[in-house]
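Q: Just query.json, nothing more (JSON, C-alpha atoms):
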```
[["chain", "number", "residue", "atom", "x", "y", "z"],
["A", 1, "MET", "CA", -59.06, -53.91, -51.34],
["A", 2, "ASN", "CA", -60.59, -51.66, -48.67],
["A", 3, "LYS", "CA", -64.32, -50.90, -48.77],
["A", 4, "GLN", "CA", -63.90, -47.31, -49.98],
["A", 5, "LYS", "CA", -61.59, -48.48, -52.80],
["A", 6, "ILE", "CA", -58.77, -46.15, -51.74],
["A", 7, "ALA", "CA", -55.28, -46.75, -53.16],
["A", 8, "VAL", "CA", -52.07, -45.35, -51.68],
["A", 9, "LEU", "CA", -49.38, -44.03, -53.99],
["A", 10, "ALA", "CA", -45.93, -42.90, -52.76],
["A", 11, "ASP", "CA", -42.67, -41.95, -54.43],
["A", 12, "SER", "CA", -39.58, -44.09, -53.89],
["A", 13, "GLY", "CA", -37.89, -41.26, -51.98],
["A", 14, "SER", "CA", -40.47, -41.71, -49.22],
["A", 15, "ASP", "CA", -38.85, -45.04, -48.31],
["A", 16, "VAL", "CA", -42.08, -46.86, -47.52],
["A", 17, "PRO", "CA", -40.98, -50.17, -45.93],
["A", 18, "LYS", "CA", -41.30, -53.23, -48.15],
["A", 19, "GLU", "CA", -43.59, -55.02, -45.70],
["A", 20, "ILE", "CA", -46.05, -52.07, -45.80],
["A", 21, "ILE", "CA", -45.95, -51.97, -49.62],
["A", 22, "GLU", "CA", -46.79, -55.67, -49.77],
["A", 23, "LYS", "CA", -49.39, -55.69, -47.00],
["A", 24, "TYR", "CA", -51.43, -52.74, -48.32],
["A", 25, "ASN", "CA", -50.61, -52.90, -52.06],
["A", 26, "VAL", "CA", -48.97, -49.45, -51.95],
["A", 27, "LYS", "CA", -48.00, -48.25, -55.43],
["A", 28, "VAL", "CA", -44.55, -46.69, -55.76],
["A", 29, "ILE", "CA", -43.49, -43.98, -58.22],
["A", 30, "PRO", "CA", -39.74, -44.46, -58.72],
["A", 31, "LEU", "CA", -37.35, -41.54, -58.90],
["A", 32, "LYS", "CA", -34.50, -41.77, -61.41],
["A", 33, "ILE", "CA", -30.72, -41.81, -60.95],
["A", 34, "ILE", "CA", -28.61, -40.62, -63.87],
["A", 35, "PHE", "CA", -24.99, -41.58, -64.44],
["A", 36, "LYS", "CA", -23.06, -40.68, -67.62],
["A", 37, "GLU", "CA", -23.39, -44.28, -68.80],
["A", 38, "GLY", "CA", -27.13, -44.47, -68.33],
["A", 39, "GLU", "CA", -30.28, -43.93, -66.32],
["A", 40, "TYR", "CA", -31.43, -46.16, -63.47],
["A", 41, "ILE", "CA", -34.78, -46.57, -61.75],
["A", 42, "ASP", "CA", -34.61, -46.01, -58.00],
["A", 43, "LYS", "CA", -34.80, -49.34, -56.09],
["A", 44, "VAL", "CA", -35.78, -51.18, -59.30],
["A", 45, "THR", "CA", -32.70, -51.34, -61.52],
["A", 46, "ILE", "CA", -30.13, -50.15, -58.95],
["A", 47, "THR", "CA", -29.56, -50.64, -55.22],
["A", 48, "ALA", "CA", -28.21, -48.14, -52.71],
["A", 49, "ASP", "CA", -24.96, -50.09, -52.35],
["A", 50, "GLU", "CA", -24.46, -50.10, -56.12],
["A", 51, "VAL", "CA", -24.93, -46.34, -56.11],
["A", 52, "TYR", "CA", -22.32, -45.87, -53.37],
["A", 53, "THR", "CA", -19.84, -48.04, -55.28],
["A", 54, "LYS", "CA", -20.35, -46.06, -58.49],
["A", 55, "MET", "CA", -20.14, -42.77, -56.59],
["A", 56, "LYS", "CA", -16.44, -43.41, -55.95],
["A", 57, "ASN", "CA", -15.90, -42.49, -59.60],
["A", 58, "GLU", "CA", -18.84, -40.23, -60.38],
["A", 59, "ILE", "CA", -21.56, -38.40, -58.45],
["A", 60, "PRO", "CA", -24.79, -38.90, -60.39],
["A", 61, "THR", "CA", -27.84, -36.67, -60.58],
["A", 62, "THR", "CA", -31.42, -37.58, -59.74],
["A", 63, "SER", "CA", -34.63, -36.68, -61.50],
["A", 64, "LEU", "CA", -38.30, -36.81, -60.71],
["A", 65, "PRO", "CA", -40.64, -39.26, -62.43],
["A", 66, "GLY", "CA", -42.14, -38.14, -65.72],
["A", 67, "ALA", "CA", -45.83, -37.39, -66.24],
["A", 68, "ASP", "CA", -46.19, -40.57, -68.31],
["A", 69, "ASP", "CA", -44.79, -42.71, -65.47],
["A", 70, "ILE", "CA", -47.34, -41.25, -63.06],
["A", 71, "LYS", "CA", -50.22, -41.64, -65.54],
["A", 72, "GLN", "CA", -49.25, -45.27, -66.12],
["A", 73, "LEU", "CA", -49.43, -46.00, -62.38],
["A", 74, "LEU", "CA", -52.79, -44.23, -62.11],
["A", 75, "ASP", "CA", -54.03, -46.35, -65.04],
["A", 76, "GLU", "CA", -52.95, -49.49, -63.14],
["A", 77, "ILE", "CA", -54.72, -48.28, -60.00],
["A", 78, "LYS", "CA", -57.93, -47.60, -61.92],
["A", 79, "ALA", "CA", -57.71, -50.97, -63.70],
["A", 80, "GLU", "CA", -57.49, -52.71, -60.31],
["A", 81, "GLY", "CA", -60.85, -51.19, -59.37],
["A", 82, "TYR", "CA", -59.78, -48.39, -57.04],
["A", 83, "GLU", "CA", -61.76, -45.14, -57.10],
["A", 84, "LYS", "CA", -59.72, -42.85, -54.85],
["A", 85, "VAL", "CA", -55.97, -42.24, -54.44],
["A", 86, "LEU", "CA", -53.93, -40.88, -51.56],
["A", 87, "ALA", "CA", -50.67, -39.72, -53.19],
["A", 88, "VAL", "CA", -47.83, -39.07, -50.74],
["A", 89, "THR", "CA", -44.59, -37.40, -51.88],
["A", 90, "ILE", "CA", -41.32, -36.12, -50.48],
["A", 91, "SER", "CA", -41.02, -32.39, -49.84],
["A", 92, "SER", "CA", -41.76, -29.99, -52.69],
["A", 93, "GLY", "CA", -38.85, -28.00, -51.26],
["A", 94, "LEU", "CA", -36.46, -30.81, -52.25],
["A", 95, "SER", "CA", -38.08, -32.31, -55.36],
["A", 96, "GLY", "CA", -40.55, -31.46, -58.10],
["A", 97, "THR", "CA", -42.37, -34.79, -57.61],
["A", 98, "TYR", "CA", -45.29, -33.32, -55.61],
["A", 99, "ASN", "CA", -46.01, -30.68, -58.26],
["A", 100, "MET", "CA", -45.74, -33.25, -61.06],
["A", 101, "VAL", "CA", -48.21, -35.59, -59.29],
["A", 102, "ARG", "CA", -50.58, -32.68, -58.59],
["A", 103, "LEU", "CA", -50.51, -31.51, -62.22],
["A", 104, "VAL", "CA", -51.13, -35.02, -63.59],
["A", 105, "ALA", "CA", -53.92, -35.56, -61.03],
["A", 106, "GLU", "CA", -55.72, -32.37, -62.10],
["A", 107, "ASP", "CA", -56.18, -33.68, -65.64],
["A", 108, "TYR", "CA", -56.70, -37.34, -64.79],
["A", 109, "GLU", "CA", -60.26, -38.65, -65.14],
["A", 110, "GLY", "CA", -61.90, -41.48, -63.26],
["A", 111, "LEU", "CA", -60.07, -41.23, -59.92],
["A", 112, "ASP", "CA", -60.50, -38.88, -56.95],
["A", 113, "ILE", "CA", -56.84, -38.03, -56.17],
["A", 114, "PHE", "CA", -55.59, -36.27, -53.04],
["A", 115, "ALA", "CA", -51.89, -35.35, -53.09],
["A", 116, "VAL", "CA", -49.96, -34.68, -49.87],
["A", 117, "ASP", "CA", -46.74, -32.68, -49.77],
["A", 118, "THR", "CA", -45.15, -34.14, -46.64],
["A", 119, "LYS", "CA", -42.50, -31.37, -46.36],
["A", 120, "ASN", "CA", -40.21, -34.24, -45.44],
["A", 121, "ILE", "CA", -37.80, -36.80, -46.88],
["A", 122, "GLY", "CA", -37.15, -40.53, -46.59],
["A", 123, "ILE", "CA", -39.09, -42.30, -43.86],
["A", 124, "GLY", "CA", -40.11, -38.86, -42.54],
["A", 125, "SER", "CA", -42.31, -38.74, -45.65],
["A", 126, "GLY", "CA", -42.99, -42.49, -45.67],
["A", 127, "PHE", "CA", -44.70, -42.29, -42.28],
["A", 128, "ALA", "CA", -47.60, -40.43, -43.96],
["A", 129, "ALA", "CA", -47.96, -43.19, -46.57],
["A", 130, "ILE", "CA", -47.94, -45.85, -43.84],
["A", 131, "GLU", "CA", -50.64, -43.96, -41.96],
["A", 132, "ALA", "CA", -52.67, -43.46, -45.16],
["A", 133, "ALA", "CA", -52.57, -47.20, -45.91],
["A", 134, "ARG", "CA", -53.53, -48.14, -42.35],
["A", 135, "LEU", "CA", -56.44, -45.67, -42.18],
["A", 136, "ALA", "CA", -57.79, -46.78, -45.58],
["A", 137, "ASP", "CA", -57.55, -50.42, -44.47],
["A", 138, "GLU", "CA", -59.52, -49.58, -41.32],
["A", 139, "ASP", "CA", -62.20, -47.94, -43.49],
["A", 140, "VAL", "CA", -61.80, -44.53, -41.90],
["A", 141, "GLU", "CA", -63.93, -42.06, -43.85],
["A", 142, "TRP", "CA", -62.20, -40.44, -46.88],
["A", 143, "GLU", "CA", -62.48, -36.82, -45.69],
["A", 144, "THR", "CA", -61.24, -37.79, -42.22],
["A", 145, "ILE", "CA", -58.20, -39.53, -43.69],
["A", 146, "LYS", "CA", -57.35, -36.40, -45.69],
["A", 147, "GLU", "CA", -57.56, -34.23, -42.56],
["A", 148, "LYS", "CA", -55.44, -36.67, -40.54],
["A", 149, "LEU", "CA", -52.75, -36.81, -43.23],
["A", 150, "LEU", "CA", -52.43, -33.03, -43.34],
["A", 151, "ARG", "CA", -52.02, -32.99, -39.55],
["A", 152, "MET", "CA", -49.47, -35.80, -39.82],
["A", 153, "VAL", "CA", -47.16, -33.54, -41.84],
["A", 154, "GLU", "CA", -46.36, -31.57, -38.67],
["A", 155, "ARG", "CA", -46.12, -34.70, -36.53],
["A", 156, "SER", "CA", -43.33, -36.49, -38.40],
["A", 157, "LYS", "CA", -39.64, -35.70, -38.17],
["A", 158, "VAL", "CA", -36.41, -37.28, -39.31],
["A", 159, "PHE", "CA", -32.91, -36.40, -38.09],
["A", 160, "PHE", "CA", -29.88, -37.36, -40.19],
["A", 161, "HIS", "CA", -26.25, -37.65, -39.22],
["A", 162, "VAL", "CA", -24.05, -37.36, -42.32],
["A", 163, "PRO", "CA", -20.27, -37.84, -42.26],
["A", 164, "THR", "CA", -19.76, -35.07, -44.84],
["A", 165, "LEU", "CA", -21.72, -32.31, -46.60],
["A", 166, "GLU", "CA", -19.84, -32.94, -49.85],
["A", 167, "TYR", "CA", -22.71, -34.80, -51.54],
["A", 168, "LEU", "CA", -25.45, -32.39, -50.49],
["A", 169, "GLN", "CA", -23.35, -29.53, -51.86],
["A", 170, "LYS", "CA", -22.53, -31.25, -55.15],
["A", 171, "GLY", "CA", -26.14, -32.32, -55.64],
["A", 172, "GLY", "CA", -27.41, -28.78, -55.06],
["A", 173, "ARG", "CA", -29.61, -29.97, -52.17],
["A", 174, "ILE", "CA", -27.81, -28.06, -49.43],
["A", 175, "GLY", "CA", -30.89, -25.93, -48.58],
["A", 176, "LEU", "CA", -30.31, -23.93, -45.40],
["A", 177, "VAL", "CA", -27.49, -26.19, -44.23],
["A", 178, "THR", "CA", -24.50, -23.95, -43.76],
["A", 179, "SER", "CA", -21.20, -25.41, -44.85],
["A", 180, "VAL", "CA", -19.34, -26.46, -41.77],
["A", 181, "VAL", "CA", -16.26, -24.29, -41.86],
["A", 182, "GLY", "CA", -13.11, -26.02, -40.75],
["A", 183, "SER", "CA", -13.35, -29.74, -41.28],
["A", 184, "LEU", "CA", -10.23, -29.80, -39.11],
["A", 185, "LEU", "CA", -12.58, -29.23, -36.18],
["A", 186, "ASN", "CA", -14.33, -32.51, -37.12],
["A", 187, "LEU", "CA", -17.76, -30.89, -36.90],
["A", 188, "LYS", "CA", -20.56, -33.25, -37.91],
["A", 189, "PRO", "CA", -23.93, -31.72, -38.81],
["A", 190, "ILE", "CA", -27.32, -33.16, -37.86],
["A", 191, "ILE", "CA", -29.82, -32.32, -40.59],
["A", 192, "SER", "CA", -33.60, -32.26, -40.69],
["A", 193, "CYS", "CA", -36.36, -30.61, -42.74],
["A", 194, "ASN", "CA", -37.87, -27.34, -41.54],
["A", 195, "ASP", "CA", -41.57, -26.37, -41.75],
["A", 196, "GLU", "CA", -41.11, -25.48, -45.41],
["A", 197, "GLY", "CA", -39.56, -28.87, -46.17],
["A", 198, "ILE", "CA", -36.04, -27.51, -46.72],
["A", 199, "TYR", "CA", -32.90, -29.09, -45.25],
["A", 200, "TYR", "CA", -31.45, -27.19, -42.32],
["A", 201, "THR", "CA", -28.82, -27.82, -39.66],
["A", 202, "VAL", "CA", -30.35, -28.76, -36.30],
["A", 203, "ALA", "CA", -26.99, -29.06, -34.57],
["A", 204, "LYS", "CA", -23.25, -29.25, -35.25],
["A", 205, "VAL", "CA", -21.35, -31.58, -32.97],
["A", 206, "ARG", "CA", -17.67, -32.45, -32.87],
["A", 207, "GLY", "CA", -16.98, -36.07, -33.78],
["A", 208, "THR", "CA", -19.16, -38.86, -35.12],
["A", 209, "LYS", "CA", -19.95, -40.49, -31.76],
["A", 210, "LYS", "CA", -21.21, -37.26, -30.18],
["A", 211, "SER", "CA", -23.11, -36.35, -33.32],
["A", 212, "ILE", "CA", -25.02, -39.65, -33.23],
["A", 213, "GLU", "CA", -25.69, -39.25, -29.49],
["A", 214, "LYS", "CA", -27.08, -35.76, -30.14],
["A", 215, "MET", "CA", -29.28, -37.07, -32.98],
["A", 216, "VAL", "CA", -30.83, -39.70, -30.68],
["A", 217, "GLN", "CA", -31.36, -37.04, -28.01],
["A", 218, "LEU", "CA", -33.17, -34.76, -30.52],
["A", 219, "ALA", "CA", -35.43, -37.65, -31.57],
["A", 220, "GLN", "CA", -36.17, -38.39, -27.92],
["A", 221, "GLU", "CA", -37.07, -34.75, -27.21],
["A", 222, "PHE", "CA", -39.42, -34.70, -30.21],
["A", 223, "ALA", "CA", -41.13, -37.99, -29.24],
["A", 224, "GLU", "CA", -41.45, -37.73, -25.47],
["A", 225, "PRO", "CA", -44.34, -35.22, -25.21],
["A", 226, "SER", "CA", -46.50, -37.77, -27.09],
["A", 227, "LYS", "CA", -48.03, -40.85, -25.44],
["A", 228, "LYS", "CA", -47.27, -43.04, -28.44],
["A", 229, "TYR", "CA", -45.31, -42.85, -31.63],
["A", 230, "ASN", "CA", -43.73, -44.82, -34.44],
["A", 231, "LEU", "CA", -39.96, -44.91, -34.80],
["A", 232, "ALA", "CA", -37.55, -45.61, -37.65],
["A", 233, "LEU", "CA", -33.84, -46.14, -37.95],
["A", 234, "VAL", "CA", -32.34, -45.70, -41.41],
["A", 235, "TYR", "CA", -28.82, -46.04, -42.74],
["A", 236, "GLY", "CA", -26.78, -45.49, -45.90],
["A", 237, "GLY", "CA", -24.45, -48.30, -46.91],
["A", 238, "GLU", "CA", -23.51, -51.69, -45.52],
["A", 239, "GLY", "CA", -20.61, -50.10, -43.63],
["A", 240, "VAL", "CA", -22.90, -48.62, -40.98],
["A", 241, "VAL", "CA", -25.48, -51.42, -40.55],
["A", 242, "LYS", "CA", -24.03, -52.68, -37.25],
["A", 243, "GLU", "CA", -23.83, -49.16, -35.85],
["A", 244, "ALA", "CA", -27.44, -48.54, -36.95],
["A", 245, "GLU", "CA", -28.58, -51.77, -35.25],
["A", 246, "LYS", "CA", -27.00, -50.61, -31.99],
["A", 247, "ILE", "CA", -28.73, -47.23, -32.21],
["A", 248, "LYS", "CA", -32.04, -48.98, -32.92],
["A", 249, "GLN", "CA", -31.69, -50.96, -29.66],
["A", 250, "GLU", "CA", -30.83, -47.80, -27.74],
["A", 251, "LEU", "CA", -33.79, -45.98, -29.26],
["A", 252, "MET", "CA", -36.14, -48.78, -28.25],
["A", 253, "SER", "CA", -34.95, -48.66, -24.65],
["A", 254, "ARG", "CA", -35.11, -44.86, -24.44],
["A", 255, "LEU", "CA", -38.48, -44.53, -26.18],
["A", 256, "ALA", "CA", -40.37, -47.59, -25.01],
["A", 257, "ASN", "CA", -43.86, -46.32, -25.92],
["A", 258, "PHE", "CA", -43.38, -46.91, -29.64],
["A", 259, "LYS", "CA", -46.13, -48.69, -31.56],
["A", 260, "GLU", "CA", -43.95, -49.79, -34.50],
["A", 261, "ILE", "CA", -40.28, -49.45, -35.39],
["A", 262, "PHE", "CA", -38.95, -49.64, -38.94],
["A", 263, "PHE", "CA", -35.35, -50.41, -39.93],
["A", 264, "ASP", "CA", -34.11, -50.01, -43.48],
["A", 265, "GLN", "CA", -31.54, -48.63, -45.88],
["A", 266, "VAL", "CA", -32.35, -45.22, -47.41],
["A", 267, "SER", "CA", -33.38, -45.17, -51.06],
["A", 268, "PRO", "CA", -30.59, -45.01, -53.65],
["A", 269, "ALA", "CA", -31.92, -41.59, -54.76],
["A", 270, "LEU", "CA", -31.59, -40.18, -51.25],
["A", 271, "GLY", "CA", -28.18, -41.82, -50.93],
["A", 272, "VAL", "CA", -27.00, -39.83, -53.96],
["A", 273, "HIS", "CA", -27.50, -36.62, -51.99],
["A", 274, "THR", "CA", -26.24, -37.75, -48.60],
["A", 275, "GLY", "CA", -23.48, -40.18, -49.53],
["A", 276, "PRO", "CA", -22.48, -43.35, -47.68],
["A", 277, "GLY", "CA", -22.39, -43.44, -43.90],
["A", 278, "LEU", "CA", -25.69, -41.71, -43.23],
["A", 279, "ILE", "CA", -27.59, -42.70, -40.09],
["A", 280, "GLY", "CA", -31.05, -41.29, -39.44],
["A", 281, "VAL", "CA", -33.77, -41.49, -36.81],
["A", 282, "GLY", "CA", -37.43, -40.92, -37.70],
["A", 283, "VAL", "CA", -40.29, -40.19, -35.30],
["A", 284, "GLN", "CA", -44.00, -40.09, -36.08],
["A", 285, "LEU", "CA", -46.22, -38.79, -33.28],
["A", 286, "LEU", "CA", -49.51, -40.70, -33.22],
["A", 287, "GLU", "CA", -52.86, -39.17, -32.34],
["A", 288, "ASP", "CA", -54.85, -40.56, -29.44],
["A", 289, "GLU", "CA", -57.56, -42.79, -30.81]]
```
As a first step, turn the structure in this file into structure tokens.
A:
Amino acid sequence: MNKQKIAVLADSGSDVPKEIIEKYNVKVIPLKIIFKEGEYIDKVTITADEVYTKMKNEIPTTSLPGADDIKQLLDEIKAEGYEKVLAVTISSGLSGTYNMVRLVAEDYEGLDIFAVDTKNIGIGSGFAAIEAARLADEDVEWETIKEKLLRMVERSKVFFHVPTLEYLQKGGRIGLVTSVVGSLLNLKPIISCNDEGIYYTVAKVRGTKKSIEKMVQLAQEFAEPSKKYNLALVYGGEGVVKEAEKIKQELMSRLANFKEIFFDQVSPALGVHTGPGLIGVGVQLLEDE
């Protein structure tokens, strides 16, 4: 435990890498995935690949964690001797998780809880939790960590290539992404979150190969003004792992000033909305220390 007794709490949709969870004892609030035959706990009782398999027959819904789930995790945190909590969640524009955490935190006694709406999704949100854990571990002062995390919201970005908008439309998460008229044109959208944390189309490119090239270019343009940054490469489904590995290598050669690079499958809950075949690139601009 760090000297200031600060715990980090993140939802499963923030895709905090397993090694970070284990190293810093990050607590995870799981989202839920609901099929007709039952409810599953994100990353606990169902994997992303299992979700994609089931989605061939049925597109499930997702739901935010309940107040009792959040209270239970806060009870665990308090029982472990922590006194403060940095709670990081995916965008309030895409999920009610942030508001649920904030409401529970307001009435919870015995812990000083600071909730951060990252206005982001997946590793774009997870970057803030990684930074929170690292800063707490380095015993950076509580108020300073809070200020840094709020600045980090604007300094993290994730770009997604999705083969189809079908799942975003059916899940009601389409946001400002305009339906690509004329699938005959083979237009592939690149999606990100805007300043309000809502999905929007950054670019529409013809064909998968050019779409992925454009996504890497956008990540490069976002990263290059900064002297150092963290990178992430994420994918949806075993079918695109090799492709994702190749893009990771290309990213590392194009953006050589990275401090860390993370590589992982997106959470099952995020996979519900994007469908199989997603490839994403995340960039977190780091402040000069």
Q: Please provide the set of residues having any atom within 8 Å of stretch 97-110 of chain A, restricted to all atoms listed in the file, with same-chain residues fewer than 5 positions apart removed, written as a PyMOL selection string.
A: chain A and resi 11+64-67+70-71+78+83+87-92+115-117
Q: For the selection you just gave me, I'd like the residues written to a file as a CSV table (one decimal), keeping the file's coordinate frame, keeping C-alpha atoms.
A:
```csv
chain,number,residue,atom,x,y,z
A,11,ASP,CA,-42.7,-42.0,-54.4
A,64,LEU,CA,-38.3,-36.8,-60.7
A,65,PRO,CA,-40.6,-39.3,-62.4
A,66,GLY,CA,-42.1,-38.1,-65.7
A,67,ALA,CA,-45.8,-37.4,-66.2
A,70,ILE,CA,-47.3,-41.2,-63.1
A,71,LYS,CA,-50.2,-41.6,-65.5
A,78,LYS,CA,-57.9,-47.6,-61.9
A,83,GLU,CA,-61.8,-45.1,-57.1
A,87,ALA,CA,-50.7,-39.7,-53.2
A,88,VAL,CA,-47.8,-39.1,-50.7
A,89,THR,CA,-44.6,-37.4,-51.9
A,90,ILE,CA,-41.3,-36.1,-50.5
A,91,SER,CA,-41.0,-32.4,-49.8
A,92,SER,CA,-41.8,-30.0,-52.7
A,115,ALA,CA,-51.9,-35.4,-53.1
A,116,VAL,CA,-50.0,-34.7,-49.9
A,117,ASP,CA,-46.7,-32.7,-49.8
```
Q: Pick the closest to A:Lys204 from A:Lys23, A:Arg155, A:Lys146, A:His161: which is it, counting only C-alpha atoms?
A: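 Smallest separation from A:Lys204 among the options: A:His161.
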Q: One decimal, Å: what's the distance from atom CA of A:Leu111 over to atom CA of A:Ala7, could you say?
A: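 Straight-line distance from atom CA of A:Leu111 to atom CA of A:Ala7 works out to 10.0 Å.
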Q: Expressed in Å to a single decimal, how great is the separation between atom CA of A:Thr62 and atom CA of A:Ile21?
A: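 A separation of 22.8 Å between them.
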Q: Choose the residue, out of A:Asp264, A:Asp68, A:Glu39, A:Glu287, that has the smallest atom-to-atom separation from A:Lys228; count all atoms listed in the file.
A: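 Closest residue, counting all atoms listed in the file: A:Glu287.
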